[in-house]
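Each remark here refers to the structure printed beneath this line.
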Number of protein chains: 2
Amino acid sequence: MKIGNTDQHEDVNSKLQYYNKEDQVLLAVDCIIFGFDEKELKVLLVKRDFEPEKDKWSLIGGFLKKSENLDQAAIRVLNILTGLKDIYMEQLHSYSEIDRDPGQRTISVAYFALIDLSSKNFDRIKIDSAKWYKINKVPQLIFDHNEMIDKAIQRLRRRALIKPIGFELLPEKFTMRQLQSLYESILDKKLDKRNFINKVNLLDILDKLDEKDMTSSRKGSFLYRFNEEKYNSKSEEGFNFKI
Amino acid sequence: MKIGNTDQHEDVNSKLQYYNKEDQVLLAVDCIIFGFDEKELKVLLVKRDFEPEKDKWSLIGGFLKKSENLDQAAIRVLNILTGLKDIYMEQLHSYSEIDRDPGQRTISVAYFALIDLSSKNFDRIKIDSAKWYKINKVPQLIFDHNEMIDKAIQRLRRRALIKPIGFELLPEKFTMRQLQSLYESILDKKLDKRNFINKVNLLDILDKLDEKDMTSSRKGSFLYRFNEEKYNSKSEEGFNFKI
DNA sequence: TCAAAAGTGTTCTGTTTACACCCATGG
DNA sequence: CCATGGGTGTAAACAGAACACTTTTGA
């Protein structure tokens, strides 16, 4: 039941008449794309090449079409820029300040995406002006985009402590050191190696492979893979990765 | 930067022309209003009195006007129904399935609100067909409103464990028993009285008053009040109310 | 005097933190 | 043979969970 206009006289039994009185607005999606490249958590930005705010950095975005829902719009926008599909995305928040976009009244729904930069899946970015920024070196962005990124980082932090979304940022096979570096980047603090490994092993959601990664050291380090079945069989509520 | 139509030829320097190509949609807000009345966590629903879906239960909602942002729209909608102002509200999620509202393509941004039912502030509901339902007795609702409530309950559960939003559901002065009942309702589990009180006292965010509430027992029970200064001085990150 | 709710501490268990040395290997 | 990162365990501190009896007072 919509009661937006209960003060005014109107025929609420006439659905179309009712709906047609209402204001329509532009709905955009903006994507915070996080990537992890072995050491650093980064976010993908593009340089705006038209007025207003020309030459300022910005998140990628696009407008919702009537033929799609918001998730589909976010997936489409991400795909246009990166060429990637089947990427983890999650709706973050909707931004609606009246003057947020000086061009026209626009409400934006922010999404964040997690992609693995080390993987060969991700060979190129399709927009020339795009650049990866370390998350603590993000420049001033247009509109409310800095606010969006701040909120996305906070959400990522909380999520990564209770859900296995961190693996979306790693290659399929990864070392313990990579996993630890990832969590150190996300949480922005150093972690103790032994405590970290003990905790991860306790969760029992990884397969230790026979392969070693020989690029990082002379000894080589074992590779691990996230085992989704193991994870699902453990808990409905995610893990409690208090680190 | 909006790249919704990069495949098509267009003059991106002409802002208006650019924006005007895009689809406009109706934006609604729907409010999940939680209330706590000494024992039970409840949600406020209204009976829809027009077709389609006449006589079905629904959340309250309304359409966004161009002159307001989403928070303001949610506050307005809440005020129309309850007459209340200065209520805790938080944006929850946006719902955008193409057929979610058979009347017209509508995207809805869900908000949840927390109000104290025991307070005399809340003397009456302004819509006759409104009714409080226990959160585990919610009937089938129109559209995706059941989904919204489920998500709101989950969010409330997580929030209440780390932020002092539970106090929004209580009168200014409350007993420990009331606070415990509230958390038991939110978390849907029985808690141990001694452990609960020990933990709350450890947080050191309440003032114990000299007054007693004499209505609940012959002995009477001390009243407490949330002390926001104490809370703010403790932590930036909220508390860790693992109970 | 008793019914009904308030109030109060201790022990046990599990989790988190702090911490340092040997291993394997390629150069 | 040594420099580099990989791998491993234990003890102390802390937080959570389990648990039962006494107090007050209006009816």
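Starting from 1 in every chain, residues are counted up; chains themselves are A, B, ... following the order of the structure tokens, and ligands are numbered from 1 as listed.
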
- Item | Shell of 6 Å around Val109 (chain B), only C-alpha atoms (C1' of nucleotides), local chain residues under 6 positions omitted, as an MDAnalysis selection string | chainID B and resid 29 93:94

Please, which residues of chain D lie no more than 8 Å from chain A when the count uses only C-alpha atoms (C1' of nucleotides), and can they be set out as a PDB file with C-alpha atoms (C1' of nucleotides), in the first residue's frame?
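Result file is result-v9.pdb:
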```pdb
ATOM      1  C1'  DT D   4      64.820 -15.897   2.054  1.00  0.00           C
ATOM      2  C1'  DG D   5      60.414 -17.008   3.031  1.00  0.00           C
ATOM      3  C1'  DG D   6      57.783 -21.413   4.807  1.00  0.00           C
ATOM      4  C1'  DT D   8      55.206 -25.249  13.145  1.00  0.00           C
TER       5       DT D   8
END
```

- Looking only at helix (DSSP H, G or I) from DSSP on the backbone, list the matching residues of region 152-205 of chain B as JSON, numbers by chain. {"B": [152, 153, 154, 155, 156, 157, 158, 159, 160, 161, 162, 164, 165, 166, 167, 168, 169, 176, 177, 178, 179, 180, 181, 182, 183, 184, 185, 186, 187, 193, 194, 195, 196, 197, 198, 199, 200, 201, 202, 203]}

- Task: Tell me, as a PyMOL selection string, which residues lie within 9 Å of Ile186 (chain A), counting only C-alpha atoms (C1' of nucleotides); anything in the same chain fewer than 2 positions away does not count.
- Result: chain A and resi 40-41+153+156-157+160+166+181-184+188-189

- Message: When you count only C-alpha atoms (C1' of nucleotides), which of these residues is closest to chain C: B:Asn136, B:Ala130, B:Ile197, B:Ile75?
- Response: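 Once distances to chain C are computed over only C-alpha atoms (C1' of nucleotides), the minimum belongs to B:Ile197.
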
- Message: Should the cut-off be 10 Å, what would the residue list for chain C against chain B look like, counting only C-alpha atoms (C1' of nucleotides), as a list in words?
- Response: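 Interface list for chain C against chain B: DA4, DA5, DA6, DG7, DT8 and DG9 of chain C.
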
- Gap from CA of Arg158 (chain A) to CA of Glu38 (chain A) - Å, one decimal: 21.0 Å

- Item | Nearest residue to chain B from the set A:Asp150, A:Asp37, A:Glu97, A:Asp55 (distances using only C-alpha atoms) |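 That would be A:Glu97, the residue with the smallest distance to chain B.
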
- For CA of Asp204 (chain B) and CA of Ser235 (chain B), determine how far apart the two atoms are, in Å to one decimal place.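 Separating CA of Asp204 (chain B) from CA of Ser235 (chain B) is a distance of 11.6 Å.
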
- Skip region 12-18 of chain C itself and residues of its chain fewer than 5 positions away, then list as a list of chain:residue names all residues within 8 Å of it, counting only C-alpha atoms (C1' of nucleotides).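 Answer for this query is D:DA13, D:DC14, D:DA15, D:DG16, D:DA17.
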
- Message: What's around region 59-62 of chain A at 10 Å? Count only C-alpha atoms (C1' of nucleotides), leave out sequence neighbours fewer than 5 positions away in its own chain, and write the answer as an NGL selection string.
- Response: (:A and (27-33 or 43-48 or 73-74 or 76-78 or 80-81 or 108-111 or 130 or 141-146 or 148-149)) or (:B and (1-6 or 22))

- Task: Give me the residues within 12 Å of DT1 (chain C) as a list in words, counting only C-alpha atoms (C1' of nucleotides) and dropping any in the same chain fewer than 4 places off.
- Result: DT25, DG26 and DA27 of chain D

- Message: as number ranges by chain, please: the residues near Lys42 (chain A) (cut-off 12 Å, only C-alpha atoms (C1' of nucleotides), same-chain neighbours under 6 positions excluded).
- Response: A: 32-36, 113-117, 131-138, 149, 153, 169, 182, 185-186

- In terms of the shortest atom-to-atom distance over only C-alpha atoms, which of A:Leu84, A:Ile165, A:Leu206, A:Leu70 is closest to chain B?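 Closest candidate: A:Leu70.
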